[in-house]
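Report on one structure; see the data block that follows.
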Amino acid sequence: MKFPGQRKHKHYFPVDARDLRAKELSAMSRPQRTHICGIAQTLVDIEAHVDDELLARHNLVKGNSLLISDEAAHILYAELKQRALIKEEHAGGTIGNTLHNFATLSDERAVLFAVMEKQIEIGSYAYKYLSYTSSKVDVNQLQPVDGPIGRCFTLITPCGERSFAISKGAMDKLEPASIKPELIKTAGALVFASYLMRSADGDNIDQAALRAMAVAHEANVPVVLTLGTRFLIEQDPQFWRDFIAEHVTVLAMNEEEAEALTGESDPLKASEIALQWCDMVLCTAGPEGLYMAGYCDSAELRETEHELRSGSIGEFNQYEFSRPMRQQDCVDPVKVYSYIAPYLGGPVEILNTNGAGDGALAAVLHDMAANRYHKVNVPSSCKHSVSALTYSSFSQICKYANRVSYEVLIQHSPRLSRGLPEREESLEEGYWDR
């Protein structure tokens, strides 16, 4: 397990040979590994630069995300190829990206529950999906299906507006029987996206997700939901509030999705509202930065050494050096918040906004998995005298998520090709020490 963020050697686990906890680990033949599980819609992202006339001709709505038929996707793809409008083709999907980035960052296993074409041809969508997926992502649980996997077209017009056309193919055909309870029970987290819950008649991926969530709750495994798009959430925000309250431990969203869910445009205030339904919130806010919110027991609070910040909540980051806990695990729960501005002020040139939030979530999942890894291998550590959701503090997780998000923004693919550099070349080490 590569531990999250950039840490000085003395802070790594195991710490050093003189540490009693490290001796406890060294007595074992090898440390017990950990993993996370994700339920995903397998799809390929296709990015093309087009004009408004093409959108109109294919009955697409500028700036919106629409589902299209397999036949319509085939016709659209053929025209994009014939006119050489395609700029990038990458393995995609919110959870697919997140699992890949988690595996790349942590060097640990990420189990993918999804479907895959039974017959895979060289150069096909399915071939490209598997080719661009980390070898640390466990694809042995994929359910074979007849028909293509999904395709997501990102169509960028000259004004910079992005329009999305999604062809589902067979990506929602995952059956509940394909979920392996034994893998979920031993996972550091179970992650899925809101898209799974809008499956059509005859598609059972929503039932597979509900079965996986039931297993996770029984085993006390954190359930993590990422909100896919504000258009889906604003159709029925009350459904999602009730769903999160019943099923979700950790919620990830951007500022638009946060407003659709809570009715509050301020990301910090929206995060506070969301805490009435879940235990921890990650809210990315584009060029503004990102926020985290959660709970910590009053006896475990640690005051920040950073400058106090005020917004819609006064001095909201006062206890950001605390570690997140489930509300039910707190004797006296206190709401805790943290914020960080974009790394280096943001990229000089943003090459890709797709997947930046997925990168941030992968960092959070890495920290959660690191917590389980440490707890399993060093159970007597004082770090586990209370039941925390993460290995690090709110503040440290913000830094890490922010850094990973930046790395995704400066490349075309939403998937990392390597972990973070061991020694930062463009920034003083003080970023991680602050």
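By order of appearance in the structure tokens: chains A, B, ..., then residues from 1 within every chain, and ligands from 1 in the order shown.
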What's the 12 Å shell around A:Glu108, counting only C-alpha atoms, without same-chain residues fewer than 5 positions away, as a compact mmCIF listing (two decimals) with all heavy atoms, in the first residue's frame?
# COMPACT_ATOMS: atom_id res chain seq x y z
N MET A 1 0.85 -1.20 0.00
CA MET A 1 0.00 0.00 0.00
C MET A 1 0.88 1.24 0.00
O MET A 1 1.68 1.44 0.91
CB MET A 1 -0.92 -0.01 1.22
CG MET A 1 -1.60 1.32 1.54
SD MET A 1 -2.88 1.84 0.39
CE MET A 1 -4.20 0.73 0.84
N LYS A 2 0.78 2.04 -1.07
CA LYS A 2 1.41 3.37 -1.04
C LYS A 2 0.50 4.26 -0.21
O LYS A 2 -0.69 4.34 -0.49
CB LYS A 2 1.52 3.92 -2.46
CG LYS A 2 2.49 3.18 -3.36
CD LYS A 2 2.51 3.83 -4.73
CE LYS A 2 3.45 3.11 -5.66
NZ LYS A 2 3.42 3.68 -7.02
N PHE A 3 1.07 4.94 0.78
CA PHE A 3 0.19 5.71 1.64
C PHE A 3 -0.16 7.05 1.03
O PHE A 3 0.60 7.61 0.23
CB PHE A 3 0.78 5.82 3.05
CG PHE A 3 0.20 4.77 3.95
CD1 PHE A 3 0.31 3.44 3.60
CD2 PHE A 3 -0.51 5.11 5.07
CE1 PHE A 3 -0.26 2.46 4.37
CE2 PHE A 3 -1.09 4.12 5.86
CZ PHE A 3 -0.96 2.80 5.51
N PRO A 4 -1.34 7.59 1.33
CA PRO A 4 -1.89 8.73 0.60
C PRO A 4 -1.14 10.03 0.79
O PRO A 4 -0.64 10.33 1.87
CB PRO A 4 -3.32 8.85 1.15
CG PRO A 4 -3.28 8.16 2.47
CD PRO A 4 -2.29 7.07 2.33
N GLN A 32 -1.37 -8.15 5.43
CA GLN A 32 -2.62 -8.47 4.75
C GLN A 32 -2.98 -7.33 3.81
O GLN A 32 -2.94 -6.17 4.18
CB GLN A 32 -3.74 -8.67 5.78
CG GLN A 32 -3.51 -9.83 6.72
CD GLN A 32 -4.68 -9.99 7.68
OE1 GLN A 32 -5.84 -10.07 7.27
NE2 GLN A 32 -4.38 -10.04 8.97
N ARG A 33 -3.35 -7.68 2.58
CA ARG A 33 -3.69 -6.67 1.59
C ARG A 33 -5.11 -6.17 1.80
O ARG A 33 -5.89 -6.76 2.55
CB ARG A 33 -3.56 -7.22 0.16
CG ARG A 33 -2.28 -7.98 -0.13
CD ARG A 33 -1.03 -7.23 0.25
NE ARG A 33 -0.92 -5.91 -0.36
CZ ARG A 33 0.09 -5.07 -0.13
NH1 ARG A 33 1.05 -5.42 0.73
NH2 ARG A 33 0.13 -3.90 -0.72
N THR A 34 -5.43 -5.09 1.13
CA THR A 34 -6.79 -4.59 1.18
C THR A 34 -7.22 -4.23 -0.24
O THR A 34 -6.42 -4.25 -1.18
CB THR A 34 -6.91 -3.37 2.10
OG1 THR A 34 -8.28 -3.07 2.32
CG2 THR A 34 -6.22 -2.14 1.50
N HIS A 35 -8.48 -3.90 -0.41
CA HIS A 35 -8.99 -3.54 -1.72
C HIS A 35 -10.26 -2.71 -1.55
O HIS A 35 -10.78 -2.58 -0.45
CB HIS A 35 -9.30 -4.80 -2.55
CG HIS A 35 -10.41 -5.64 -1.97
ND1 HIS A 35 -10.18 -6.59 -0.98
CD2 HIS A 35 -11.75 -5.67 -2.21
CE1 HIS A 35 -11.32 -7.17 -0.66
NE2 HIS A 35 -12.30 -6.62 -1.39
N ILE A 36 -10.72 -2.14 -2.63
CA ILE A 36 -12.04 -1.52 -2.65
C ILE A 36 -12.85 -2.17 -3.76
O ILE A 36 -12.30 -2.83 -4.64
CB ILE A 36 -11.99 0.01 -2.86
CG1 ILE A 36 -11.45 0.36 -4.25
CG2 ILE A 36 -11.18 0.69 -1.77
CD1 ILE A 36 -11.64 1.83 -4.62
N CYS A 37 -14.17 -2.00 -3.72
CA CYS A 37 -15.07 -2.54 -4.75
C CYS A 37 -15.85 -1.40 -5.38
O CYS A 37 -16.20 -0.42 -4.71
CB CYS A 37 -16.04 -3.55 -4.15
SG CYS A 37 -15.28 -5.06 -3.54
N LEU A 99 -11.86 3.81 -10.00
CA LEU A 99 -11.16 2.59 -9.61
C LEU A 99 -9.76 2.54 -10.22
O LEU A 99 -8.79 2.15 -9.56
CB LEU A 99 -11.95 1.36 -10.03
CG LEU A 99 -13.31 1.14 -9.35
CD1 LEU A 99 -13.95 -0.15 -9.84
CD2 LEU A 99 -13.18 1.13 -7.84
N HIS A 100 -9.64 2.92 -11.49
CA HIS A 100 -8.33 2.94 -12.13
C HIS A 100 -7.39 3.88 -11.40
O HIS A 100 -6.23 3.53 -11.11
CB HIS A 100 -8.47 3.37 -13.59
CG HIS A 100 -7.16 3.67 -14.26
ND1 HIS A 100 -6.48 2.74 -15.01
CD2 HIS A 100 -6.39 4.81 -14.27
CE1 HIS A 100 -5.36 3.28 -15.46
NE2 HIS A 100 -5.28 4.53 -15.01
N ASN A 101 -7.87 5.10 -11.09
CA ASN A 101 -7.01 6.07 -10.42
C ASN A 101 -6.66 5.64 -9.00
O ASN A 101 -5.54 5.86 -8.54
CB ASN A 101 -7.68 7.45 -10.43
CG ASN A 101 -7.72 8.06 -11.82
OD1 ASN A 101 -6.93 7.71 -12.68
ND2 ASN A 101 -8.65 8.96 -12.05
N PHE A 102 -7.61 5.02 -8.31
CA PHE A 102 -7.31 4.49 -6.98
C PHE A 102 -6.19 3.46 -7.07
O PHE A 102 -5.23 3.49 -6.28
CB PHE A 102 -8.56 3.83 -6.38
CG PHE A 102 -8.26 2.93 -5.19
CD1 PHE A 102 -8.16 3.45 -3.92
CD2 PHE A 102 -8.05 1.56 -5.36
CE1 PHE A 102 -7.86 2.64 -2.83
CE2 PHE A 102 -7.75 0.75 -4.29
CZ PHE A 102 -7.66 1.29 -3.02
N ALA A 103 -6.29 2.53 -8.01
CA ALA A 103 -5.28 1.48 -8.15
C ALA A 103 -3.92 2.07 -8.51
O ALA A 103 -2.88 1.60 -8.03
CB ALA A 103 -5.72 0.48 -9.22
N SER A 134 -5.94 -0.04 -15.53
CA SER A 134 -4.79 -0.51 -14.75
C SER A 134 -4.86 -2.01 -14.51
O SER A 134 -5.93 -2.58 -14.29
CB SER A 134 -4.75 0.23 -13.41
OG SER A 134 -3.85 -0.38 -12.51
N SER A 135 -3.70 -2.65 -14.53
CA SER A 135 -3.63 -4.08 -14.25
C SER A 135 -3.99 -4.39 -12.80
O SER A 135 -4.26 -5.54 -12.46
CB SER A 135 -2.22 -4.61 -14.56
OG SER A 135 -1.25 -3.95 -13.74
N LYS A 136 -3.99 -3.36 -11.95
CA LYS A 136 -4.39 -3.54 -10.55
C LYS A 136 -5.90 -3.55 -10.38
O LYS A 136 -6.39 -3.85 -9.29
CB LYS A 136 -3.78 -2.42 -9.69
CG LYS A 136 -2.30 -2.59 -9.41
CD LYS A 136 -2.06 -3.70 -8.41
CE LYS A 136 -0.59 -3.80 -8.02
NZ LYS A 136 -0.37 -4.86 -7.01
N VAL A 137 -6.63 -3.19 -11.43
CA VAL A 137 -8.09 -3.30 -11.39
C VAL A 137 -8.47 -4.74 -11.70
O VAL A 137 -8.12 -5.27 -12.76
CB VAL A 137 -8.76 -2.34 -12.39
CG1 VAL A 137 -10.28 -2.55 -12.41
CG2 VAL A 137 -8.45 -0.89 -12.03
N ASP A 138 -9.16 -5.38 -10.78
CA ASP A 138 -9.54 -6.79 -10.91
C ASP A 138 -10.75 -6.88 -11.84
O ASP A 138 -11.87 -6.54 -11.47
CB ASP A 138 -9.87 -7.35 -9.53
CG ASP A 138 -10.22 -8.83 -9.56
OD1 ASP A 138 -10.37 -9.40 -10.66
OD2 ASP A 138 -10.34 -9.42 -8.48
N ALA A 187 -13.81 -5.34 1.90
CA ALA A 187 -13.35 -4.15 1.18
C ALA A 187 -13.18 -2.95 2.09
O ALA A 187 -13.80 -2.86 3.15
CB ALA A 187 -14.33 -3.82 0.05
N GLY A 188 -12.35 -2.02 1.65
CA GLY A 188 -12.20 -0.76 2.37
C GLY A 188 -13.35 0.19 2.10
O GLY A 188 -13.64 1.08 2.90
N LEU A 365 -10.80 7.72 -1.47
CA LEU A 365 -10.90 6.26 -1.32
C LEU A 365 -9.56 5.65 -0.94
O LEU A 365 -9.50 4.70 -0.15
CB LEU A 365 -11.41 5.65 -2.62
CG LEU A 365 -12.89 5.93 -2.95
CD1 LEU A 365 -13.18 5.55 -4.40
CD2 LEU A 365 -13.81 5.17 -2.00
N HIS A 366 -8.49 6.20 -1.49
CA HIS A 366 -7.14 5.71 -1.13
C HIS A 366 -6.90 5.90 0.36
O HIS A 366 -6.40 5.00 1.04
CB HIS A 366 -6.10 6.49 -1.95
CG HIS A 366 -4.69 6.03 -1.73
ND1 HIS A 366 -3.61 6.72 -2.23
CD2 HIS A 366 -4.17 4.98 -1.04
CE1 HIS A 366 -2.49 6.09 -1.87
NE2 HIS A 366 -2.81 5.05 -1.13
N ASP A 367 -7.29 7.05 0.87
CA ASP A 367 -7.09 7.31 2.30
C ASP A 367 -7.96 6.39 3.15
O ASP A 367 -7.53 5.89 4.20
CB ASP A 367 -7.40 8.77 2.62
CG ASP A 367 -6.68 9.24 3.87
OD1 ASP A 367 -7.15 8.93 4.97
OD2 ASP A 367 -5.63 9.90 3.74
N ALA A 369 -9.00 3.37 2.29
CA ALA A 369 -8.43 2.02 2.21
C ALA A 369 -7.16 1.91 3.05
O ALA A 369 -6.89 0.88 3.66
CB ALA A 369 -8.13 1.68 0.74
N ALA A 370 -6.37 2.99 3.07
CA ALA A 370 -5.16 3.00 3.90
C ALA A 370 -5.51 2.83 5.37
O ALA A 370 -4.78 2.18 6.13
CB ALA A 370 -4.38 4.30 3.68
N TYR A 373 -6.24 -0.81 5.87
CA TYR A 373 -4.98 -1.55 5.76
C TYR A 373 -4.18 -1.46 7.07
O TYR A 373 -3.69 -2.46 7.60
CB TYR A 373 -4.17 -0.98 4.61
CG TYR A 373 -2.82 -1.63 4.39
CD1 TYR A 373 -2.70 -2.86 3.74
CD2 TYR A 373 -1.65 -1.00 4.82
CE1 TYR A 373 -1.47 -3.44 3.53
CE2 TYR A 373 -0.41 -1.58 4.62
CZ TYR A 373 -0.32 -2.80 3.98
OH TYR A 373 0.90 -3.38 3.77
N GLY A 419 1.31 7.32 -10.61
CA GLY A 419 0.96 7.96 -9.35
C GLY A 419 1.59 9.34 -9.26
O GLY A 419 2.26 9.81 -10.19
Skip A:Ile205 itself and residues of its chain fewer than 4 positions away, then list as a compact mmCIF listing (two decimals) with all heavy atoms, in the first residue's frame all residues within 6 Å of it, counting only C-alpha atoms.
# COMPACT_ATOMS: atom_id res chain seq x y z
N ASP A 172 -25.87 -1.68 -18.65
CA ASP A 172 -26.73 -1.79 -17.47
C ASP A 172 -27.28 -3.20 -17.25
O ASP A 172 -28.21 -3.39 -16.47
CB ASP A 172 -27.91 -0.81 -17.59
CG ASP A 172 -27.49 0.63 -17.38
OD1 ASP A 172 -26.39 0.85 -16.84
OD2 ASP A 172 -28.25 1.54 -17.75
N LYS A 173 -26.69 -4.18 -17.92
CA LYS A 173 -27.20 -5.56 -17.84
C LYS A 173 -26.59 -6.36 -16.68
O LYS A 173 -26.78 -7.57 -16.59
CB LYS A 173 -26.90 -6.30 -19.16
CG LYS A 173 -27.54 -5.68 -20.39
CD LYS A 173 -29.06 -5.77 -20.34
CE LYS A 173 -29.70 -5.23 -21.63
NZ LYS A 173 -31.18 -5.23 -21.54
N LEU A 174 -25.86 -5.71 -15.79
CA LEU A 174 -25.27 -6.41 -14.65
C LEU A 174 -26.36 -7.02 -13.78
O LEU A 174 -27.33 -6.34 -13.41
CB LEU A 174 -24.42 -5.45 -13.83
CG LEU A 174 -23.65 -6.06 -12.64
CD1 LEU A 174 -22.56 -6.99 -13.13
CD2 LEU A 174 -23.06 -4.96 -11.76
Going by DSSP on the backbone, which bits of stretch 169-267 of chain A are strand (DSSP E)? Write them as a list of chain:residue names, please.
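Restricting stretch 169-267 of chain A to strand (DSSP E) produces A:Leu190, A:Val191, A:Phe192, A:Ala193, A:Val223, A:Val224, A:Leu225, A:Thr226, A:Val250, A:Leu251, A:Ala252, A:Met253, A:Asn254.
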Excluding same-chain residues fewer than 4 positions from stretch 264-276 of chain A, what lies within 7 Å of it counting only C-alpha atoms, as a ChimeraX atom specification?
/A:255,258-259,280-281,283,285,291,293-294,312
Out of stretch 30-244 of chain A, which residues get helix (DSSP H, G or I) from DSSP, as an MDAnalysis selection string?
chainID A and resid 52:57 70:82 94:106 125:131 176:178 181:185 194:198 205:218 230:233 237:244
Atom CA of A:Ala341 to atom CA of A:Pro324: how many Å, to one decimal?
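Taking atom CA of A:Ala341 as the start and atom CA of A:Pro324 as the end point, the length is 20.3 Å.
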With only C-alpha atoms as the counted atoms, please give the residues lying no more than 10 Å from A:Gly93, apart from itself and same-chain residues fewer than 3 positions off, as a PyMOL selection string.
chain A and resi 40-45+90+96-99+129+150-152+193+228+354-355+358+414
Just-selected residues, C-alpha atoms written as a PDB file, in the first residue's frame:
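Written output follows (again_37.pdb):
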ATOM      1  CA  ALA A  40     -19.652   0.526 -12.808  1.00  0.00           C
ATOM      2  CA  GLN A  41     -21.158   1.129 -16.190  1.00  0.00           C
ATOM      3  CA  THR A  42     -18.447   0.115 -18.645  1.00  0.00           C
ATOM      4  CA  LEU A  43     -18.133   2.740 -21.342  1.00  0.00           C
ATOM      5  CA  VAL A  44     -15.605   4.452 -23.577  1.00  0.00           C
ATOM      6  CA  ASP A  45     -15.260   8.256 -23.658  1.00  0.00           C
ATOM      7  CA  HIS A  90     -10.308   6.739 -23.650  1.00  0.00           C
ATOM      8  CA  GLY A  96     -14.193   2.987 -13.962  1.00  0.00           C
ATOM      9  CA  ASN A  97     -12.061   6.147 -13.829  1.00  0.00           C
ATOM     10  CA  THR A  98     -12.188   6.231 -10.033  1.00  0.00           C
ATOM     11  CA  LEU A  99     -11.160   2.590  -9.611  1.00  0.00           C
ATOM     12  CA  TYR A 129     -11.574  -0.129 -22.385  1.00  0.00           C
ATOM     13  CA  GLY A 150     -21.477   1.915 -23.455  1.00  0.00           C
ATOM     14  CA  ARG A 151     -20.141   4.885 -25.361  1.00  0.00           C
ATOM     15  CA  CYS A 152     -20.098   8.464 -24.069  1.00  0.00           C
ATOM     16  CA  ALA A 193     -22.524   6.464  -9.157  1.00  0.00           C
ATOM     17  CA  GLY A 228     -23.065  11.955 -11.750  1.00  0.00           C
ATOM     18  CA  ASN A 354     -13.851  15.149 -17.404  1.00  0.00           C
ATOM     19  CA  GLY A 355     -12.654  13.061 -14.489  1.00  0.00           C
ATOM     20  CA  ASP A 358     -13.222  11.240 -10.113  1.00  0.00           C
ATOM     21  CA  PRO A 414      -9.437  11.106 -17.161  1.00  0.00           C
TER      22      PRO A 414
END
Excluding A:Ala401 and its own-chain neighbours fewer than 4 positions away, which residues fall within 9 Å of it when counting only C-alpha atoms? Please give them as a ChimeraX atom specification.
/A:5,290,357,359-364,396-397,405-406
Restricting it to all heavy atoms, dump the selection as a CSV table (one decimal), in the first residue's frame.
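New file again_11.csv:
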chain,number,residue,atom,x,y,z
A,5,GLY,N,-1.1,10.8,-0.3
A,5,GLY,CA,-0.4,12.1,-0.2
A,5,GLY,C,1.1,12.0,-0.3
A,5,GLY,O,1.7,10.9,-0.4
A,290,LEU,N,-11.9,22.9,-3.4
A,290,LEU,CA,-12.8,21.9,-2.9
A,290,LEU,C,-13.0,21.9,-1.4
A,290,LEU,O,-12.2,22.5,-0.7
A,290,LEU,CB,-12.3,20.5,-3.3
A,290,LEU,CG,-10.9,20.0,-2.8
A,290,LEU,CD1,-11.1,19.3,-1.5
A,290,LEU,CD2,-10.4,18.9,-3.8
A,357,GLY,N,-13.1,15.4,-10.8
A,357,GLY,CA,-13.8,15.0,-9.6
A,357,GLY,C,-13.6,13.5,-9.3
A,357,GLY,O,-13.5,13.1,-8.1
A,359,GLY,N,-10.9,11.9,-9.9
A,359,GLY,CA,-9.5,11.8,-9.4
A,359,GLY,C,-9.5,12.2,-7.9
A,359,GLY,O,-8.9,11.6,-7.1
A,360,ALA,N,-10.3,13.3,-7.6
A,360,ALA,CA,-10.4,13.7,-6.2
A,360,ALA,C,-11.0,12.6,-5.3
A,360,ALA,O,-10.5,12.3,-4.2
A,360,ALA,CB,-11.2,15.0,-6.1
A,361,LEU,N,-12.0,11.9,-5.8
A,361,LEU,CA,-12.7,10.8,-5.1
A,361,LEU,C,-11.7,9.7,-4.9
A,361,LEU,O,-11.7,9.0,-3.9
A,361,LEU,CB,-14.0,10.4,-5.8
A,361,LEU,CG,-14.7,9.2,-5.2
A,361,LEU,CD1,-15.1,9.5,-3.7
A,361,LEU,CD2,-16.0,8.9,-5.9
A,362,ALA,N,-10.9,9.4,-6.0
A,362,ALA,CA,-10.0,8.3,-5.9
A,362,ALA,C,-9.0,8.5,-4.7
A,362,ALA,O,-8.6,7.6,-4.0
A,362,ALA,CB,-9.2,8.1,-7.2
A,363,ALA,N,-8.6,9.8,-4.5
A,363,ALA,CA,-7.7,10.1,-3.4
A,363,ALA,C,-8.4,9.9,-2.1
A,363,ALA,O,-7.7,9.3,-1.1
A,363,ALA,CB,-7.3,11.6,-3.5
A,364,VAL,N,-9.6,10.2,-2.0
A,364,VAL,CA,-10.4,10.0,-0.7
A,364,VAL,C,-10.5,8.5,-0.4
A,364,VAL,O,-10.3,8.0,0.7
A,364,VAL,CB,-11.8,10.6,-0.8
A,364,VAL,CG1,-12.6,10.3,0.5
A,364,VAL,CG2,-11.7,12.1,-0.9
A,396,GLN,N,-5.5,17.1,5.4
A,396,GLN,CA,-4.6,16.3,4.6
A,396,GLN,C,-5.3,15.7,3.4
A,396,GLN,O,-4.8,15.6,2.3
A,396,GLN,CB,-3.9,15.2,5.5
A,396,GLN,CG,-2.8,14.5,4.7
A,396,GLN,CD,-1.5,15.3,4.5
A,396,GLN,OE1,-1.4,16.3,5.1
A,396,GLN,NE2,-0.7,14.8,3.7
A,397,ILE,N,-6.5,15.2,3.6
A,397,ILE,CA,-7.3,14.6,2.5
A,397,ILE,C,-7.6,15.6,1.5
A,397,ILE,O,-7.5,15.4,0.3
A,397,ILE,CB,-8.6,13.9,3.0
A,397,ILE,CG1,-8.2,12.8,4.0
A,397,ILE,CG2,-9.4,13.4,1.9
A,397,ILE,CD1,-9.4,12.2,4.7
A,405,SER,N,-6.6,15.8,-8.4
A,405,SER,CA,-7.5,16.5,-9.4
A,405,SER,C,-6.7,17.4,-10.4
A,405,SER,O,-7.0,17.3,-11.6
A,405,SER,CB,-8.5,17.4,-8.6
A,405,SER,OG,-9.4,18.0,-9.5
A,406,TYR,N,-5.7,18.1,-9.9
A,406,TYR,CA,-4.9,18.9,-10.7
A,406,TYR,C,-4.2,18.0,-11.8
A,406,TYR,O,-4.1,18.4,-13.0
A,406,TYR,CB,-3.8,19.6,-9.9
A,406,TYR,CG,-2.8,20.4,-10.7
A,406,TYR,CD1,-3.0,21.7,-10.9
A,406,TYR,CD2,-1.6,19.8,-11.1
A,406,TYR,CE1,-2.0,22.5,-11.6
A,406,TYR,CE2,-0.7,20.5,-11.9
A,406,TYR,CZ,-0.9,21.9,-12.1
A,406,TYR,OH,0.1,22.6,-12.8
Go ahead and compute the interatomic distance for atom CA of A:Ile95 and atom CA of A:Asp242, in Å to one decimal.
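Pair atom CA of A:Ile95 / atom CA of A:Asp242 returns 22.1 Å.
If you look at atom CA of A:Cys330 and atom CA of A:Tyr295, they are 7.9 Å away from each other.
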Which residues, written as a list in words, have at least one atom at most 10 Å from stretch 65-72 of chain A, with only C-alpha atoms counted and residues fewer than 4 positions away on the same chain left out?
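My reading of the contact set: His58, Asn59, Leu60, Val61, Leu76, Tyr77, Ala78, Gly147, Pro148, Ile149, Gly150, Arg151, Cys152, Phe153, Thr154, Arg162, Ser163, Phe164, Ala165, Ile166, Ser167, Lys168, Gly169, Ala170, Thr229, Phe231 and Leu232 of chain A.
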Generate a file of the selected residues that holds N, CA, C and O atoms, formatted as a compact mmCIF listing (two decimals), in the first residue's frame.
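The file below, result.txt, is the result:
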# COMPACT_ATOMS: atom_id res chain seq x y z
N HIS A 58 -28.18 15.57 -35.31
CA HIS A 58 -28.26 14.30 -34.57
C HIS A 58 -29.22 14.40 -33.38
O HIS A 58 -29.21 13.55 -32.49
N ASN A 59 -30.03 15.47 -33.37
CA ASN A 59 -31.06 15.66 -32.33
C ASN A 59 -30.48 15.70 -30.92
O ASN A 59 -31.06 15.15 -29.98
N LEU A 60 -29.32 16.35 -30.78
CA LEU A 60 -28.69 16.50 -29.48
C LEU A 60 -28.91 17.91 -28.96
O LEU A 60 -29.02 18.85 -29.73
N VAL A 61 -28.98 18.05 -27.63
CA VAL A 61 -29.24 19.35 -27.01
C VAL A 61 -27.93 19.92 -26.48
O VAL A 61 -27.26 19.30 -25.65
N LEU A 76 -23.55 8.37 -35.45
CA LEU A 76 -22.76 9.50 -34.98
C LEU A 76 -21.28 9.18 -35.02
O LEU A 76 -20.46 9.99 -35.51
N TYR A 77 -20.90 8.00 -34.54
CA TYR A 77 -19.48 7.61 -34.51
C TYR A 77 -18.91 7.54 -35.93
O TYR A 77 -17.78 7.98 -36.18
N ALA A 78 -19.70 6.99 -36.84
CA ALA A 78 -19.24 6.86 -38.23
C ALA A 78 -18.96 8.23 -38.84
O ALA A 78 -17.95 8.43 -39.54
N GLY A 147 -23.55 -7.96 -27.08
CA GLY A 147 -23.77 -6.56 -27.42
C GLY A 147 -22.64 -5.67 -26.94
O GLY A 147 -21.78 -6.09 -26.15
N PRO A 148 -22.63 -4.42 -27.38
CA PRO A 148 -21.53 -3.50 -27.07
C PRO A 148 -21.63 -2.94 -25.65
O PRO A 148 -22.70 -2.89 -25.06
N ILE A 149 -20.48 -2.50 -25.13
CA ILE A 149 -20.50 -1.73 -23.89
C ILE A 149 -20.91 -0.30 -24.22
O ILE A 149 -21.15 0.04 -25.38
N GLY A 150 -20.99 0.57 -23.23
CA GLY A 150 -21.48 1.91 -23.45
C GLY A 150 -20.46 2.81 -24.13
O GLY A 150 -19.25 2.56 -24.13
N ARG A 151 -20.98 3.86 -24.74
CA ARG A 151 -20.14 4.88 -25.36
C ARG A 151 -20.65 6.25 -24.93
O ARG A 151 -21.85 6.51 -24.98
N CYS A 152 -19.75 7.10 -24.48
CA CYS A 152 -20.10 8.46 -24.07
C CYS A 152 -19.38 9.45 -24.99
O CYS A 152 -18.14 9.53 -24.96
N PHE A 153 -20.15 10.16 -25.79
CA PHE A 153 -19.59 11.15 -26.71
C PHE A 153 -19.58 12.51 -26.01
O PHE A 153 -20.62 13.00 -25.56
N THR A 154 -18.39 13.11 -25.91
CA THR A 154 -18.26 14.48 -25.41
C THR A 154 -18.03 15.36 -26.62
O THR A 154 -16.98 15.30 -27.26
N ARG A 162 -19.81 21.93 -23.70
CA ARG A 162 -19.73 20.49 -23.84
C ARG A 162 -21.12 19.88 -23.83
O ARG A 162 -21.91 20.17 -22.94
N SER A 163 -21.40 19.05 -24.81
CA SER A 163 -22.66 18.32 -24.88
C SER A 163 -22.33 16.83 -24.86
O SER A 163 -21.30 16.40 -25.38
N PHE A 164 -23.21 16.05 -24.24
CA PHE A 164 -22.92 14.63 -24.04
C PHE A 164 -24.02 13.78 -24.67
O PHE A 164 -25.21 14.05 -24.50
N ALA A 165 -23.59 12.75 -25.39
CA ALA A 165 -24.51 11.75 -25.93
C ALA A 165 -24.05 10.39 -25.45
O ALA A 165 -22.90 10.00 -25.68
N ILE A 166 -24.92 9.70 -24.75
CA ILE A 166 -24.54 8.42 -24.13
C ILE A 166 -25.35 7.30 -24.74
O ILE A 166 -26.58 7.33 -24.76
N SER A 167 -24.63 6.32 -25.28
CA SER A 167 -25.27 5.10 -25.79
C SER A 167 -25.01 4.00 -24.76
O SER A 167 -23.86 3.63 -24.51
N LYS A 168 -26.07 3.50 -24.15
CA LYS A 168 -25.92 2.56 -23.04
C LYS A 168 -25.38 1.21 -23.48
O LYS A 168 -24.66 0.55 -22.72
N GLY A 169 -25.74 0.76 -24.71
CA GLY A 169 -25.37 -0.59 -25.07
C GLY A 169 -25.90 -1.57 -24.03
O GLY A 169 -27.04 -1.47 -23.59
N ALA A 170 -25.04 -2.47 -23.60
CA ALA A 170 -25.44 -3.47 -22.60
C ALA A 170 -24.86 -3.16 -21.23
O ALA A 170 -24.84 -4.02 -20.35
N THR A 229 -24.48 13.83 -12.39
CA THR A 229 -24.80 15.04 -13.12
C THR A 229 -25.99 15.73 -12.45
O THR A 229 -26.89 15.07 -11.93
N PHE A 231 -28.37 17.22 -13.86
CA PHE A 231 -29.61 17.00 -14.59
C PHE A 231 -30.38 15.81 -14.03
O PHE A 231 -31.61 15.81 -13.98
N LEU A 232 -29.66 14.79 -13.59
CA LEU A 232 -30.31 13.62 -13.00
C LEU A 232 -30.85 13.94 -11.61
O LEU A 232 -31.98 13.57 -11.26
Given only C-alpha atoms as the counted atoms, nearest of A:Val331, A:Leu196, A:Ala126, A:Leu227 to A:Arg241
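Between A:Val331, A:Leu196, A:Ala126, A:Leu227, the residue approaching A:Arg241 most closely is A:Leu227.
For the choices A:Val336, A:Ile179, A:Leu55, A:Leu105, the atom-to-atom distance to A:Arg403 is smallest for A:Leu105 when using only C-alpha atoms.
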Write out as a list in words each polymer residue whose atoms come within 7 Å of A:Leu308, counting only C-alpha atoms; drop sequence neighbours fewer than 3 positions from it.
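Selected residues are Glu315, Asn317 and Gln318 of chain A.
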